[in-house]
file upload.txt (compact mmCIF, C-alpha atoms (C1' of nucleotides))
# COMPACT_ATOMS: atom_id res chain seq x y z
CA MET W 150 -140.81 110.83 142.88
CA ASP W 151 -137.37 109.56 143.45
CA SER W 152 -135.02 107.61 144.41
CA GLU W 153 -134.27 103.98 144.49
CA HIS W 154 -133.50 104.96 140.96
CA ASN W 155 -130.43 106.75 139.71
CA LYS W 156 -132.27 109.30 137.68
CA SER W 157 -134.97 111.73 138.70
CA ILE W 158 -138.02 112.12 136.56
CA GLY W 159 -136.78 115.48 135.40
CA ARG W 160 -133.59 113.89 134.15
CA LEU W 161 -135.43 111.10 132.41
CA ILE W 162 -137.82 113.46 130.70
CA SER W 163 -135.11 115.72 129.37
CA LEU W 164 -133.05 112.72 128.27
CA LEU W 165 -135.98 111.19 126.42
CA ASN W 166 -136.75 114.53 124.84
CA LYS W 167 -133.18 114.83 123.65
CA TYR W 168 -133.10 111.32 122.25
CA GLY W 169 -136.36 111.90 120.40
CA ASN W 170 -135.04 115.14 118.93
CA VAL W 171 -131.77 113.55 117.84
CA TYR W 172 -133.68 110.73 116.16
CA MET W 173 -136.16 112.97 114.42
CA ASN W 174 -133.53 115.48 113.24
CA GLU W 175 -131.56 112.65 111.72
CA LYS W 176 -134.53 110.99 110.04
CA LEU W 177 -136.00 114.22 108.69
CA LYS W 178 -132.73 115.68 107.45
CA ASP W 179 -133.24 114.63 103.83
CA TYR W 180 -136.71 116.13 103.82
CA ASN W 181 -135.40 119.53 104.93
CA LEU W 182 -137.35 119.30 108.15
CA GLY W 183 -136.29 119.06 111.77
CA ALA W 184 -137.63 117.99 115.13
CA GLY W 185 -139.32 121.36 115.42
CA GLN W 186 -141.87 120.89 112.66
CA TYR W 187 -143.18 117.38 112.48
CA GLN W 188 -145.67 117.74 115.31
CA PHE W 189 -147.42 120.51 113.44
CA LEU W 190 -147.53 118.40 110.32
CA MET W 191 -149.03 115.48 112.21
CA VAL W 192 -151.84 117.68 113.55
CA LEU W 193 -152.60 118.89 110.03
CA TYR W 194 -152.71 115.34 108.70
CA GLN W 195 -155.61 114.87 111.10
CA ASN W 196 -157.24 118.25 110.71
CA GLU W 197 -156.57 120.13 107.56
CA GLY W 198 -157.87 123.68 107.44
CA LEU W 199 -157.07 124.64 111.00
CA SER W 200 -155.76 128.07 111.86
CA GLN W 201 -152.30 128.53 113.33
CA ASP W 202 -153.83 129.45 116.63
CA GLU W 203 -155.86 126.27 116.72
CA VAL W 204 -152.83 124.15 115.98
CA ALA W 205 -150.80 125.98 118.63
CA SER W 206 -153.61 125.32 121.08
CA ILE W 207 -153.82 121.63 120.28
CA LEU W 208 -150.08 121.22 120.71
CA LYS W 209 -149.92 123.65 123.62
CA MET W 210 -147.13 125.42 121.83
CA ASP W 211 -146.24 129.09 121.84
CA LYS W 212 -147.80 131.15 119.04
CA GLY W 213 -144.43 132.46 117.92
CA THR W 214 -142.97 128.97 117.76
CA THR W 215 -146.00 127.84 115.81
CA ALA W 216 -145.72 130.67 113.32
CA ARG W 217 -142.09 129.91 112.71
CA ALA W 218 -142.61 126.18 112.36
CA ILE W 219 -145.48 126.69 109.92
CA ALA W 220 -143.41 129.23 108.00
CA LYS W 221 -140.73 126.57 107.65
CA LEU W 222 -143.24 123.97 106.52
CA GLU W 223 -144.59 126.45 103.99
CA SER W 224 -141.19 127.42 102.64
CA GLU W 225 -140.30 123.75 102.25
CA GLY W 226 -143.50 123.13 100.37
CA TYR W 227 -145.49 121.06 102.83
CA VAL W 228 -148.10 123.64 103.82
CA GLU W 229 -150.07 126.48 102.28
CA ARG W 230 -151.29 129.36 104.39
CA LYS W 231 -154.49 131.01 103.17
CA VAL W 232 -156.07 134.09 104.69
CA PHE W 233 -159.54 133.25 105.98
CA ASN W 234 -162.30 135.24 104.30
CA THR W 235 -164.46 135.75 107.37
CA ASP W 236 -161.64 136.95 109.60
CA LYS W 237 -158.66 138.49 107.85
CA ARG W 238 -156.37 137.94 110.80
CA VAL W 239 -156.68 134.20 110.54
CA LYS W 240 -154.62 131.95 108.30
CA LYS W 241 -155.95 128.53 107.46
CA LEU W 242 -153.42 125.81 106.92
CA TYR W 243 -153.66 123.35 104.07
CA LEU W 244 -151.40 120.48 103.12
CA THR W 245 -149.73 120.30 99.74
CA ILE W 246 -149.43 117.24 97.55
CA LYS W 247 -145.86 116.96 98.80
CA ALA W 248 -147.13 116.71 102.36
CA HIS W 249 -149.66 114.03 101.45
CA GLU W 250 -146.99 112.03 99.67
CA PHE W 251 -144.79 112.35 102.73
CA GLU W 252 -147.41 111.13 105.16
CA LYS W 253 -146.68 107.44 104.95
CA GLU W 254 -142.98 108.07 105.41
CA ILE W 255 -143.32 110.29 108.48
CA ARG W 256 -145.75 107.85 110.07
CA SER W 257 -143.26 105.08 109.48
CA ILE W 258 -140.47 107.11 111.08
CA LEU W 259 -142.62 107.79 114.14
CA THR W 260 -143.79 104.22 114.41
CA ASN W 261 -140.21 103.02 114.34
CA TRP W 262 -139.30 105.33 117.18
CA LYS W 263 -142.25 104.19 119.23
CA MET W 264 -141.19 100.60 118.68
CA VAL W 265 -137.69 101.43 119.81
CA LEU W 266 -139.03 102.99 122.99
CA ALA W 267 -141.47 100.16 123.63
CA ASN W 268 -138.91 97.40 123.19
CA GLY W 269 -139.27 94.86 125.99
CA LEU W 270 -142.41 96.49 127.38
CA SER W 271 -145.65 94.54 127.48
CA THR W 272 -148.79 96.05 125.98
CA GLU W 273 -150.01 96.69 129.49
CA GLU W 274 -146.81 98.46 130.43
CA GLN W 275 -147.02 100.60 127.33
CA ASN W 276 -150.58 101.60 128.19
CA ILE W 277 -149.69 102.32 131.80
CA THR W 278 -146.83 104.51 130.63
CA LEU W 279 -149.16 106.61 128.55
CA VAL W 280 -151.80 106.84 131.24
CA LEU W 281 -149.27 107.92 133.83
CA LEU W 282 -147.53 110.40 131.55
CA ASN W 283 -150.88 111.89 130.60
CA GLN W 284 -151.71 112.34 134.25
CA ILE W 285 -148.35 113.88 135.01
CA ALA W 286 -148.64 116.25 132.07
CA LEU W 287 -152.08 117.27 133.28
CA ASN W 288 -150.70 117.92 136.75
CA ALA W 289 -147.90 120.06 135.38
CA GLU W 290 -150.20 121.98 133.09
CA GLU W 291 -152.73 122.74 135.79
CA TYR W 292 -150.04 123.87 138.16
CA LEU W 293 -148.46 126.23 135.65
CA ASP W 294 -151.83 127.55 134.50
CA CYS W 295 -152.85 128.29 138.07
CA LYS W 296 -149.80 130.44 138.52
CA HIS W 297 -151.04 132.93 135.87
CA MET Y 110 -147.31 102.90 121.95
CA ASP Y 111 -150.43 104.72 121.09
CA SER Y 112 -153.56 105.35 120.80
CA GLU Y 113 -156.59 105.03 122.95
CA HIS Y 114 -154.93 108.13 124.21
CA ASN Y 115 -154.97 111.52 122.62
CA LYS Y 116 -151.30 112.14 122.84
CA SER Y 117 -148.42 110.06 121.61
CA ILE Y 118 -145.49 109.43 123.88
CA GLY Y 119 -143.38 111.82 121.86
CA ARG Y 120 -145.88 114.58 122.45
CA LEU Y 121 -146.10 113.87 126.15
CA ILE Y 122 -142.36 113.82 126.58
CA SER Y 123 -141.82 117.11 124.81
CA LEU Y 124 -144.72 118.67 126.71
CA LEU Y 125 -143.35 117.54 130.04
CA ASN Y 126 -139.91 118.75 129.09
CA LYS Y 127 -141.32 122.13 128.22
CA TYR Y 128 -143.30 122.39 131.44
CA GLY Y 129 -140.24 121.45 133.49
CA ASN Y 130 -138.14 124.06 131.73
CA VAL Y 131 -140.75 126.77 132.18
CA TYR Y 132 -140.97 125.96 135.88
CA MET Y 133 -137.23 125.85 136.44
CA ASN Y 134 -136.54 129.02 134.46
CA GLU Y 135 -139.10 130.85 136.55
CA LYS Y 136 -137.86 129.53 139.87
CA LEU Y 137 -134.19 130.08 139.10
CA LYS Y 138 -134.57 133.53 137.62
CA ASP Y 139 -133.60 135.38 140.78
CA TYR Y 140 -130.49 133.24 141.15
CA ASN Y 141 -129.29 134.15 137.64
CA LEU Y 142 -129.58 130.54 136.55
CA GLY Y 143 -131.81 128.81 134.03
CA ALA Y 144 -133.10 125.38 133.18
CA GLY Y 145 -129.86 124.68 131.40
CA GLN Y 146 -127.59 124.65 134.43
CA TYR Y 147 -129.26 123.09 137.42
CA GLN Y 148 -128.66 119.51 136.40
CA PHE Y 149 -124.94 120.11 136.38
CA LEU Y 150 -125.13 121.70 139.79
CA MET Y 151 -127.07 118.73 141.16
CA VAL Y 152 -124.40 116.32 139.95
CA LEU Y 153 -121.70 118.41 141.62
CA TYR Y 154 -123.62 118.46 144.89
CA GLN Y 155 -123.22 114.70 144.86
CA ASN Y 156 -119.71 114.51 143.47
CA GLU Y 157 -117.51 117.51 143.89
CA GLY Y 158 -114.20 117.44 142.08
CA LEU Y 159 -115.40 115.78 138.90
CA SER Y 160 -114.08 116.86 135.54
CA GLN Y 161 -116.36 118.40 132.94
CA ASP Y 162 -116.11 115.30 130.86
CA GLU Y 163 -117.22 113.13 133.76
CA VAL Y 164 -120.20 115.35 134.47
CA ALA Y 165 -121.14 115.38 130.79
CA SER Y 166 -120.93 111.61 130.78
CA ILE Y 167 -123.10 111.22 133.86
CA LEU Y 168 -125.75 113.48 132.40
CA LYS Y 169 -125.29 112.14 128.88
CA MET Y 170 -124.94 115.70 127.70
CA ASP Y 171 -122.86 117.09 124.87
CA LYS Y 172 -119.39 118.31 125.85
CA GLY Y 173 -120.00 121.74 124.34
CA THR Y 174 -123.27 122.13 126.21
CA THR Y 175 -121.53 121.06 129.39
CA ALA Y 176 -118.71 123.54 128.92
CA ARG Y 177 -121.15 126.36 128.38
CA ALA Y 178 -123.32 125.45 131.35
CA ILE Y 179 -120.32 125.16 133.63
CA ALA Y 180 -118.97 128.45 132.32
CA LYS Y 181 -122.28 130.03 133.29
CA LEU Y 182 -122.19 128.47 136.73
CA GLU Y 183 -118.66 129.74 137.14
CA SER Y 184 -119.43 133.26 136.00
CA GLU Y 185 -122.40 133.37 138.39
CA GLY Y 186 -120.20 132.25 141.21
CA TYR Y 187 -121.49 128.73 141.87
CA VAL Y 188 -118.52 126.77 140.53
CA GLU Y 189 -114.75 127.01 140.35
CA ARG Y 190 -112.84 125.33 137.57
CA LYS Y 191 -109.30 124.23 138.46
CA VAL Y 192 -106.80 122.72 136.07
CA PHE Y 193 -105.87 119.23 137.20
CA ASN Y 194 -102.17 118.83 138.01
CA THR Y 195 -101.77 115.34 136.62
CA ASP Y 196 -103.45 116.07 133.30
CA LYS Y 197 -103.44 119.66 132.15
CA ARG Y 198 -106.33 119.14 129.77
CA VAL Y 199 -108.68 118.36 132.61
CA LYS Y 200 -110.60 120.88 134.70
CA LYS Y 201 -111.88 119.78 138.05
CA LEU Y 202 -115.10 121.37 139.22
CA TYR Y 203 -115.56 122.61 142.76
CA LEU Y 204 -118.53 124.24 144.41
CA THR Y 205 -118.30 127.66 145.97
CA ILE Y 206 -119.76 128.69 149.29
CA LYS Y 207 -122.56 130.31 147.30
CA ALA Y 208 -123.40 126.97 145.76
CA HIS Y 209 -123.45 125.22 149.10
CA GLU Y 210 -125.72 127.89 150.52
CA PHE Y 211 -128.00 127.45 147.54
CA GLU Y 212 -128.29 123.70 147.86
CA LYS Y 213 -131.26 123.59 150.19
CA GLU Y 214 -133.16 126.04 148.04
CA ILE Y 215 -132.60 124.21 144.76
CA ARG Y 216 -133.53 120.91 146.35
CA SER Y 217 -136.71 122.47 147.63
CA ILE Y 218 -137.56 123.80 144.17
CA LEU Y 219 -137.02 120.37 142.62
CA THR Y 220 -138.98 118.60 145.34
CA ASN Y 221 -141.88 120.94 144.78
CA TRP Y 222 -141.91 120.16 141.10
CA LYS Y 223 -141.81 116.45 141.74
CA MET Y 224 -144.75 116.81 144.08
CA VAL Y 225 -146.68 118.71 141.44
CA LEU Y 226 -146.04 115.94 138.94
CA ALA Y 227 -146.86 113.19 141.41
CA ASN Y 228 -150.11 114.73 142.54
CA GLY Y 229 -152.80 112.05 142.65
CA LEU Y 230 -150.37 109.22 141.91
CA SER Y 231 -149.89 106.48 144.45
CA THR Y 232 -146.40 105.57 145.58
CA GLU Y 233 -146.62 102.47 143.45
CA GLU Y 234 -147.61 104.48 140.40
CA GLN Y 235 -144.74 106.86 141.00
CA ASN Y 236 -142.30 103.98 141.17
CA ILE Y 237 -143.74 102.33 138.08
CA THR Y 238 -143.40 105.59 136.21
CA LEU Y 239 -139.73 105.80 137.01
CA VAL Y 240 -139.08 102.16 136.22
CA LEU Y 241 -140.80 102.44 132.88
CA LEU Y 242 -139.18 105.73 131.94
CA ASN Y 243 -135.78 104.31 132.86
CA GLN Y 244 -136.41 101.35 130.59
CA ILE Y 245 -137.58 103.55 127.75
CA ALA Y 246 -134.58 105.83 128.12
CA LEU Y 247 -132.32 102.79 128.04
CA ASN Y 248 -134.05 101.56 124.87
CA ALA Y 249 -133.61 104.91 123.19
CA GLU Y 250 -130.00 105.23 124.22
CA GLU Y 251 -129.06 101.78 123.02
CA TYR Y 252 -130.76 102.33 119.71
CA LEU Y 253 -129.01 105.63 119.06
CA ASP Y 254 -125.66 104.27 120.22
CA CYS Y 255 -125.95 101.32 117.87
CA LYS Y 256 -126.42 103.61 114.94
CA HIS Y 257 -122.88 105.00 115.38
C1' DG S 134 -170.61 155.76 114.89
C1' DT S 135 -166.66 156.14 118.01
C1' DG S 136 -163.53 154.49 121.36
C1' DT S 137 -161.69 150.59 123.97
C1' DT S 138 -160.40 145.95 124.53
C1' DT S 139 -159.33 141.50 122.65
C1' DT S 140 -157.24 138.48 119.34
C1' DA S 141 -154.24 136.14 115.22
C1' DG S 142 -150.08 136.31 113.53
C1' DT S 143 -145.29 138.32 113.23
C1' DT S 144 -140.87 139.50 114.97
C1' DG S 145 -137.09 140.62 118.37
C1' DC S 146 -134.54 138.82 122.01
C1' DA S 147 -132.25 135.69 124.85
C1' DG S 148 -131.48 131.11 126.34
C1' DG S 149 -130.23 126.40 125.48
C1' DT S 150 -128.60 122.32 122.61
C1' DG S 151 -126.21 118.99 119.35
C1' DC S 152 -122.75 118.48 115.82
C1' DA S 153 -118.42 119.55 114.09
C1' DA S 154 -114.04 121.66 113.99
C1' DC S 155 -110.30 123.23 116.55
C1' DT S 156 -106.34 123.60 120.13
C1' DA S 157 -103.59 121.79 123.63
C1' DT S 158 -102.31 117.77 126.06
C1' DA S 159 -101.71 112.90 126.76
C1' DT S 160 -101.17 108.21 125.11
C1' DA S 161 -99.78 104.72 121.86
C1' DA S 162 -96.95 103.10 118.18
C1' DT S 163 -92.64 102.95 115.81
C1' DA I 176 -86.90 110.13 120.42
C1' DT I 177 -90.30 110.88 116.88
C1' DT I 178 -94.70 110.25 114.80
C1' DA I 179 -99.55 109.02 114.94
C1' DT I 180 -103.72 108.71 117.47
C1' DA I 181 -106.80 109.82 121.23
C1' DT I 182 -108.79 112.99 124.50
C1' DA I 183 -110.58 117.38 127.48
C1' DG I 184 -112.26 121.49 126.75
C1' DT I 185 -113.53 125.48 123.68
C1' DT I 186 -115.95 127.69 120.03
C1' DG I 187 -118.69 128.29 115.61
C1' DC I 188 -122.87 127.24 113.55
C1' DA I 189 -127.58 126.24 112.99
C1' DC I 190 -131.70 124.98 115.08
C1' DC I 191 -135.52 125.43 118.33
C1' DT I 192 -138.25 127.67 122.03
C1' DG I 193 -140.74 130.86 125.34
C1' DC I 194 -141.67 135.56 126.50
C1' DA I 195 -142.76 140.01 125.15
C1' DA I 196 -143.82 143.64 122.08
C1' DC I 197 -145.98 144.91 117.99
C1' DT I 198 -149.45 145.42 113.98
C1' DA I 199 -153.73 144.65 111.94
C1' DA I 200 -158.27 143.05 112.43
C1' DA I 201 -162.24 141.86 115.11
C1' DA I 202 -165.25 142.21 119.07
C1' DC I 203 -167.20 144.80 122.65
C1' DA I 204 -168.99 148.93 125.10
C1' DC I 205 -171.17 153.26 124.96
call {"tool": "encode", "arguments": {"input": "upload.txt", "output": "structure tokens"}}
result
Amino acid sequence: MDSEHNKSIGRLISLLNKYGNVYMNEKLKDYNLGAGQYQFLMVLYQNEGLSQDEVASILKMDKGTTARAIAKLESEGYVERKVFNTDKRVKKLYLTIKAHEFEKEIRSILTNWKMVLANGLSTEEQNITLVLLNQIALNAEEYLDCKH
Amino acid sequence: MDSEHNKSIGRLISLLNKYGNVYMNEKLKDYNLGAGQYQFLMVLYQNEGLSQDEVASILKMDKGTTARAIAKLESEGYVERKVFNTDKRVKKLYLTIKAHEFEKEIRSILTNWKMVLANGLSTEEQNITLVLLNQIALNAEEYLDCKH
DNA sequence: GTGTTTTAGTTGCAGGTGCAACTATATAAT
DNA sequence: ATTATATAGTTGCACCTGCAACTAAAACAC
């Protein structure tokens, strides 16, 4: 997975990750959020009432990272954590009015970034990109899971 | 750039970045290196004698990050920094014998990862992936550069 | 019911990163 | 020659992340 090309896939991935973070940190600055929280918020926009563990699982993120991101979202007023009656260990996550009012804005920010990335790519190319990246991510995940 | 698919491109990129880091940190542990340094080493394997600034520019990495990574490589014995005679601000980076002896190993580690990622992808798909990611990275870079 | 194992969330630790400010050096302008 | 501006590298700061250890609660085994 080389080599006619200047940059290896590892380089490209880390570059793209950096660019995305820089963009998101800039755009979310005025909302007191950073690149580390928005993904959690987006999951909750789709599934309110999930536990932290469920969100971490969906995003394939570390539990500690999840707890800290949700704590930030809570302290900034976007999320409420409520202990679940049936299982006292569990905290269910609910969006605040502030979060709901923010939804259109965050979706707009994300859409803009996607448009930036997709500039000059046909619809087919965009789809192929996603399909291939999904496959690659699956490969990586399976490999790392097998090693445990 | 969505949406038939479960995961957005932003999600996939950050996931892949994470997986790559986890892999590299694990593989480099015994060499006292982490995911933060190998890219610098790889550039130096191709171009010994570059300055820090040149390496940072090639990798499109922050100067501070570069300085810290190179400092780590130096303290672990992979790199020597030498002040450049003509311009005393500049430090030229040279590889040590240890680095040269390590080259085959690091290349093997990277090749393995690439093979993991490419599993099940045809040569054409692999090439398309790189072409598309290059284009996307270029899009992102141009957009962020224009904003300054 | 009691003891053991598993699980959700929290926290410590260490690593890595971008932005900004700073110092020393070089370059450009006067 | 002197002053102003630019540049290479360093360091502070804040942010984010995975791994591991821990606590409290739940599930499982006897």
call {"tool": "interface_residues", "arguments": {"input": "upload.txt", "of": "chain S", "to": "chain W", "cutoff": "10 Å", "atoms": "all atoms listed in the file", "output": "list in words"}}
result
DT140, DA141, DG142, DT143, DT144, DT150 and DG151 of chain S
call {"tool": "interface_residues", "arguments": {"input": "upload.txt", "of": "chain Y", "to": "chain W", "cutoff": "6 Å", "atoms": "all atoms listed in the file", "output": "ChimeraX atom specification"}}
result
/Y:110,122-123,125-126,223,226,235,245-246,248-249
call {"tool": "closest_residue", "arguments": {"input": "upload.txt", "among": "Y:Asn134, Y:Tyr140, Y:Arg216, Y:Glu185", "to": "chain I", "atoms": "all atoms listed in the file"}}
result
Y:Asn134
call {"tool": "closest_residue", "arguments": {"input": "upload.txt", "among": "W:Ala218, W:Leu190, W:Cys295, W:Leu177", "to": "chain I", "atoms": "all atoms listed in the file"}}
result
W:Ala218
call {"tool": "interface_residues", "arguments": {"input": "upload.txt", "of": "chain I", "to": "chain Y", "cutoff": "9 Å", "atoms": "all atoms listed in the file", "output": "NGL selection string"}}
result
:I and (182-186 or 192-193)
call {"tool": "atom_distance", "arguments": {"input": "upload.txt", "atom1": "CA of Glu175 in chain W", "atom2": "CA of Gly226 in chain W"}}
result
19.5 Å
call {"tool": "atom_distance", "arguments": {"input": "upload.txt", "atom1": "CA of Leu182 in chain Y", "atom2": "CA of Gln146 in chain Y"}}
result
7.0 Å
call {"tool": "decode", "arguments": {"input": "upload.txt", "residues": "range 179-194 of chain I", "atoms": "N, CA and C atoms (P, O5', C5', C4', C3', O3' and C1' of nucleotides)", "output": "tab-separated table (two decimals), in the first residue's frame"}}
result
chain	number	residue	atom	x	y	z
I	179	DA	P	14.04	50.37	15.11
I	179	DA	O5'	13.51	49.36	13.99
I	179	DA	C5'	13.27	49.85	12.67
I	179	DA	C4'	12.83	48.71	11.77
I	179	DA	C3'	11.74	47.81	12.38
I	179	DA	O3'	10.80	47.52	11.36
I	179	DA	C1'	13.62	46.49	11.83
I	180	DT	P	9.53	46.62	11.70
I	180	DT	O5'	9.91	45.23	11.02
I	180	DT	C5'	10.28	45.21	9.65
I	180	DT	C4'	10.72	43.81	9.24
I	180	DT	C3'	9.74	42.70	9.63
I	180	DT	O3'	9.47	41.94	8.47
I	180	DT	C1'	11.94	42.15	10.32
I	181	DA	P	8.47	40.67	8.55
I	181	DA	O5'	9.47	39.43	8.49
I	181	DA	C5'	10.43	39.36	7.42
I	181	DA	C4'	11.31	38.16	7.61
I	181	DA	C3'	10.56	36.85	7.90
I	181	DA	O3'	11.13	35.84	7.09
I	181	DA	C1'	12.19	37.23	9.57
I	182	DT	P	10.51	34.38	7.00
I	182	DT	O5'	11.51	33.56	7.92
I	182	DT	C5'	12.90	33.57	7.60
I	182	DT	C4'	13.66	32.75	8.61
I	182	DT	C3'	12.98	31.43	8.99
I	182	DT	O3'	13.97	30.41	8.97
I	182	DT	C1'	13.53	32.64	10.92
I	183	DA	P	13.57	28.88	8.90
I	183	DA	O5'	14.34	28.24	10.12
I	183	DA	C5'	15.77	28.22	10.13
I	183	DA	C4'	16.27	27.60	11.42
I	183	DA	C3'	15.55	26.30	11.80
I	183	DA	O3'	16.51	25.38	12.30
I	183	DA	C1'	15.18	27.95	13.48
I	184	DG	P	16.08	23.92	12.77
I	184	DG	O5'	15.89	24.13	14.33
I	184	DG	C5'	16.98	24.64	15.10
I	184	DG	C4'	16.52	24.99	16.51
I	184	DG	C3'	15.78	23.84	17.24
I	184	DG	O3'	16.47	23.61	18.46
I	184	DG	C1'	14.62	25.90	17.46
I	185	DT	P	15.95	22.53	19.49
I	185	DT	O5'	15.23	23.44	20.58
I	185	DT	C5'	16.00	24.47	21.22
I	185	DT	C4'	15.16	25.15	22.30
I	185	DT	C3'	14.47	24.19	23.26
I	185	DT	O3'	14.72	24.65	24.58
I	185	DT	C1'	12.91	25.72	22.36
I	186	DT	P	14.38	23.71	25.82
I	186	DT	O5'	12.99	24.34	26.31
I	186	DT	C5'	12.95	25.71	26.66
I	186	DT	C4'	11.53	26.13	26.94
I	186	DT	C3'	10.73	25.15	27.79
I	186	DT	O3'	10.16	25.88	28.86
I	186	DT	C1'	9.50	25.77	25.88
I	187	DG	P	9.40	25.11	30.05
I	187	DG	O5'	7.98	25.85	30.05
I	187	DG	C5'	7.94	27.27	29.92
I	187	DG	C4'	6.50	27.72	29.73
I	187	DG	C3'	5.50	26.96	30.59
I	187	DG	O3'	4.54	27.89	31.07
I	187	DG	C1'	4.95	26.70	28.30
I	188	DC	P	3.44	27.41	32.17
I	188	DC	O5'	2.16	27.09	31.27
I	188	DC	C5'	1.72	28.09	30.34
I	188	DC	C4'	0.60	27.51	29.51
I	188	DC	C3'	-0.33	26.58	30.27
I	188	DC	O3'	-1.62	27.16	30.31
I	188	DC	C1'	0.28	25.67	28.15
I	189	DA	P	-2.79	26.50	31.22
I	189	DA	O5'	-3.72	25.77	30.15
I	189	DA	C5'	-3.99	26.42	28.91
I	189	DA	C4'	-4.55	25.42	27.95
I	189	DA	C3'	-5.53	24.42	28.58
I	189	DA	O3'	-6.71	24.39	27.79
I	189	DA	C1'	-3.86	23.27	27.38
I	190	DC	P	-7.96	23.45	28.25
I	190	DC	O5'	-7.95	22.30	27.16
I	190	DC	C5'	-7.76	22.65	25.79
I	190	DC	C4'	-7.45	21.41	25.00
I	190	DC	C3'	-8.33	20.23	25.33
I	190	DC	O3'	-9.07	19.86	24.17
I	190	DC	C1'	-6.03	19.59	25.21
I	191	DC	P	-10.29	18.82	24.29
I	191	DC	O5'	-9.59	17.44	23.97
I	191	DC	C5'	-8.94	17.27	22.71
I	191	DC	C4'	-8.19	15.97	22.69
I	191	DC	C3'	-9.00	14.76	23.14
I	191	DC	O3'	-9.07	13.87	22.04
I	191	DC	C1'	-6.82	14.76	24.08
I	192	DT	P	-9.98	12.57	22.11
I	192	DT	O5'	-8.94	11.44	22.53
I	192	DT	C5'	-7.85	11.13	21.67
I	192	DT	C4'	-6.98	10.08	22.32
I	192	DT	C3'	-7.80	8.95	22.95
I	192	DT	O3'	-7.62	7.76	22.20
I	192	DT	C1'	-6.03	9.71	24.38
I	193	DG	P	-8.45	6.44	22.59
I	193	DG	O5'	-7.32	5.52	23.23
I	193	DG	C5'	-6.11	5.29	22.51
I	193	DG	C4'	-5.13	4.53	23.37
I	193	DG	C3'	-5.70	3.25	23.99
I	193	DG	O3'	-4.68	2.27	23.99
I	193	DG	C1'	-5.03	4.75	25.71
I	194	DC	P	-5.04	0.78	24.45
I	194	DC	O5'	-4.41	0.73	25.91
I	194	DC	C5'	-3.01	0.98	26.04
I	194	DC	C4'	-2.63	0.93	27.51
I	194	DC	C3'	-3.20	-0.28	28.26
I	194	DC	O3'	-2.14	-0.89	28.98
I	194	DC	C1'	-3.74	1.73	29.39
